[in-house]
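**Q** My questions all concern the structure below.
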Amino acid sequence: PKAWTTDPVLRRANLSAFGYDSTGRNLDYTVRRRYQEIENFSQPHVELLNDVQLSDNITLKSSLFYYTGTGFFDFDGSWADTTTLRLGAAFSGVRPTANPGNTIIRAFVGNRQGGWIPRFIINHDKGELTVGAEYREHRSEHWGKIRFADNLPAGLDPDYKIYSYNGTRTILSGFVREQYRASETLLLNAEAQLVHSRYGLMNERAGTTFTSYQSADGSRVGNGGTIFTVDYFFINPRLGAMYAADDANNLYTSIAYTSREPRRNNLYAASESYFGASPLFESDTTGGVIKYDFTRPLIKPEHLLNWEFGWTYKTPAIQLGATGYVMYFINELVRSGRRDIFGAPIEGNAPRVIHTGIELQGSGVLYSSGATIFAVTANATFSRNRIIEYQFQTSGSSLDLNGNPVAGFPDMMGKLRFSQTSGTFQAGLALRHVGRMYSDNFGSRIDEYVRQSPGFIGYRDNLVDAFTVANADISYSIGSLLGIRSLRFRLVVNNLFNTLYVSGANGAEFFPAAERNWFSGLEVEL
């Protein structure tokens, strides 16, 4: 809860749930996370990177990769009854006599992904041409089972899974980029990417029973096979130009159109099916039977038209830059203010959203004498992130969010860093500022929405306050010693003044940032 984030003790509490009273301002209850609720995940990577000089003008850069990701999340399920946990005879093969208690549910995921990204770089008289491709195959296994519970029915298999399914994803894309020097002062850039992405979900079980659904064409899908596959195909072009006005000043601009598909979990949160989640596809309930059209997902891909324009100024002593941008989204995937059982934000499509802003940056030497240099670097972003069109649907009404700020986007961010270098000694002090932002898309009108849809929004404070935090670092290098070419010691202290602030939020849930912390390192060059 936001009120706890500035308390040195309460901000360290690990809650699994909390709620407010009818005013939406006073805490009504809190539930501490149980000691058994742990998270364990590992993701080792294997990569083979190589460059091959095929000729004087052609280079092949290749990346082969494979990684696995295996882990689990144990969470409290004491709220779930026998029906929710699929302990009935039809699912588990044994008959329960009482509701379980003190339940801990384990959610497991096992991922495997491999692929290849080759790129040919061809140098020619007027510039450089890059032609490449990307191929990825992803396979996943998901299941949930009762890790522990009181009153479990006699004879229940300890490895009984309340849900299980397999996910697939295939990505195939090709891209080309040309950097063409039209003159001594003008560089043109043109690029395009073709992407095909396919999601699939199969082998879903509710306990020991395979899940099946009625499709729009009258057939049944599932039953141990594929429930759905969804294909996305995008063409992402980009054009740009850079003009060198003189030795110090450069002007540049670019325009791009790009698209992104929703996550598979946006289409069907199968890990939550045991307590009611269903496929988010268009459906027909004529005749009292739900028929899903698995070719028409309710969550749409997002599309972005982006225009950037900027200026840079560079001399040996000073560097300055400014970039303006306009990002116009169609069906942007924005946070709803709610989350799934794993804590991930639940997203929905906002039909039209616009992000505009300017980014400023600069650096320069304030003082220099011999081996001592005192420098400063700074950057800042001023932006406006607003919803143009979004009717948010609740169980009781439609909330008009037009004109509201987009959740998670501050209107101002900035960083200022001072550094000193004296031979082999370096020191720095950085100040970082993030302006206020909202934890949901209801913005300053949240009281109005609570009145329109009582009971749907159970909180009133959705503002993440602005914060400024300081970080410091020092390093010292030693030359050759005992056969070692060099040693470098480094110490970094984050949140130097131990500011109690919030790094982000989702709906009513605020995430306290780390208090003062430090780490040290030793780099050895042989």
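Note on naming: chains are A, B, ... as they come in the structure tokens, residues start from 1 per chain, ligands start from 1 in the order shown.
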For A:Leu304, find every residue with an atom within 12 Å (counting only C-alpha atoms), except residues of its own chain fewer than 5 positions away, and show them as a list of chain:residue names.
**A**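 Neighbouring residues, sequence-local ones excluded: A:Phe234, A:Ile235, A:Asn236, A:Pro237, A:Arg238, A:Ile255, A:Ala256, A:Tyr257, A:Thr258, A:Ser259, A:Arg260, A:Glu261, A:Val326, A:Met327, A:Tyr328, A:Phe329, A:Ile330, A:Asn331, A:Glu332, A:Leu333, A:Pro351, A:Arg352, A:Val353, A:Ile354, A:His355.
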**Q** Using backbone DSSP assignments, extract all alpha helix (DSSP H) residues from stretch 275-450 of chain A; output them as a PyMOL selection string.
**A** chain A and resi 446-450
**Q** Okay, now the selection with N, CA and C atoms, as a JSON list (two decimals), in the first residue's frame?
**A**
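Okay, selection_11.json is ready:
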```json
[["chain", "number", "residue", "atom", "x", "y", "z"],
["A", 446, "ILE", "N", -10.00, 9.64, -10.90],
["A", 446, "ILE", "CA", -10.33, 8.35, -10.30],
["A", 446, "ILE", "C", -11.56, 8.44, -9.40],
["A", 447, "ASP", "N", -11.74, 9.55, -8.69],
["A", 447, "ASP", "CA", -12.93, 9.68, -7.84],
["A", 447, "ASP", "C", -14.21, 9.63, -8.68],
["A", 448, "GLU", "N", -14.16, 10.26, -9.85],
["A", 448, "GLU", "CA", -15.31, 10.23, -10.76],
["A", 448, "GLU", "C", -15.61, 8.80, -11.21],
["A", 449, "TYR", "N", -14.58, 8.04, -11.50],
["A", 449, "TYR", "CA", -14.78, 6.67, -11.97],
["A", 449, "TYR", "C", -15.28, 5.76, -10.86],
["A", 450, "VAL", "N", -14.83, 6.00, -9.64],
["A", 450, "VAL", "CA", -15.31, 5.20, -8.51],
["A", 450, "VAL", "C", -16.81, 5.40, -8.33]]
```
**Q** From the list A:Gly310, A:Gly348, A:Gly321, A:Gly403, which residue is nearest A:Ser363 when using only C-alpha atoms?
**A**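 Looking only at the distances to A:Ser363, the closest residue turns out to be A:Gly321.
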**Q** As a PyMOL selection string, please: the residues near A:Gly114 (cut-off 8 Å, only C-alpha atoms, same-chain neighbours under 5 positions excluded).
**A** chain A and resi 64-67+136-138
**Q** With C-alpha atoms retained, export the selected residues as an mmCIF file, in the first residue's frame.
**A**
```cif
data_model
loop_
_atom_site.group_PDB
_atom_site.id
_atom_site.type_symbol
_atom_site.label_atom_id
_atom_site.label_comp_id
_atom_site.auth_asym_id
_atom_site.auth_seq_id
_atom_site.Cartn_x
_atom_site.Cartn_y
_atom_site.Cartn_z
ATOM 1 C CA LEU A 64 23.429 -18.957 -32.863
ATOM 2 C CA PHE A 65 21.758 -19.269 -29.476
ATOM 3 C CA TYR A 66 19.904 -21.675 -27.244
ATOM 4 C CA TYR A 67 18.625 -21.211 -23.736
ATOM 5 C CA ARG A 136 13.429 -18.417 -33.292
ATOM 6 C CA GLU A 137 11.617 -21.472 -31.983
ATOM 7 C CA HIS A 138 10.140 -21.393 -28.495
#
```
**Q** Considering only C-alpha atoms, can you say which of A:Ser486, A:Asn385, A:Ser271, A:Asn249 comes closest to A:Glu204?
**A**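 Closest to A:Glu204, using only C-alpha atoms: A:Ser271.
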**Q** Any idea what the distance is between atom CA of A:Thr253 and atom CA of A:Val195?
**A**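 Between atom CA of A:Thr253 and atom CA of A:Val195 the gap is 24.6 Å.
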**Q** Would you kindly return, as a list of chain:residue names, each protein, DNA or RNA residue with an atom no farther than 12 Å from any atom of A:Gly483, considering only C-alpha atoms and excluding same-chain residues fewer than 5 positions away?
**A**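 Residues meeting the cut-off are A:Val524, A:Glu525, A:Leu526.
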**Q** Among stretch 222-349 of chain A, which residues does DSSP mark as strand (DSSP E or B) when it is run on the backbone? Keep the chain and numbering as in the structure and answer as a ChimeraX atom specification.
**A** /A:222,226-244,249-260,281-284,291-297,302-314,318-339,345-349
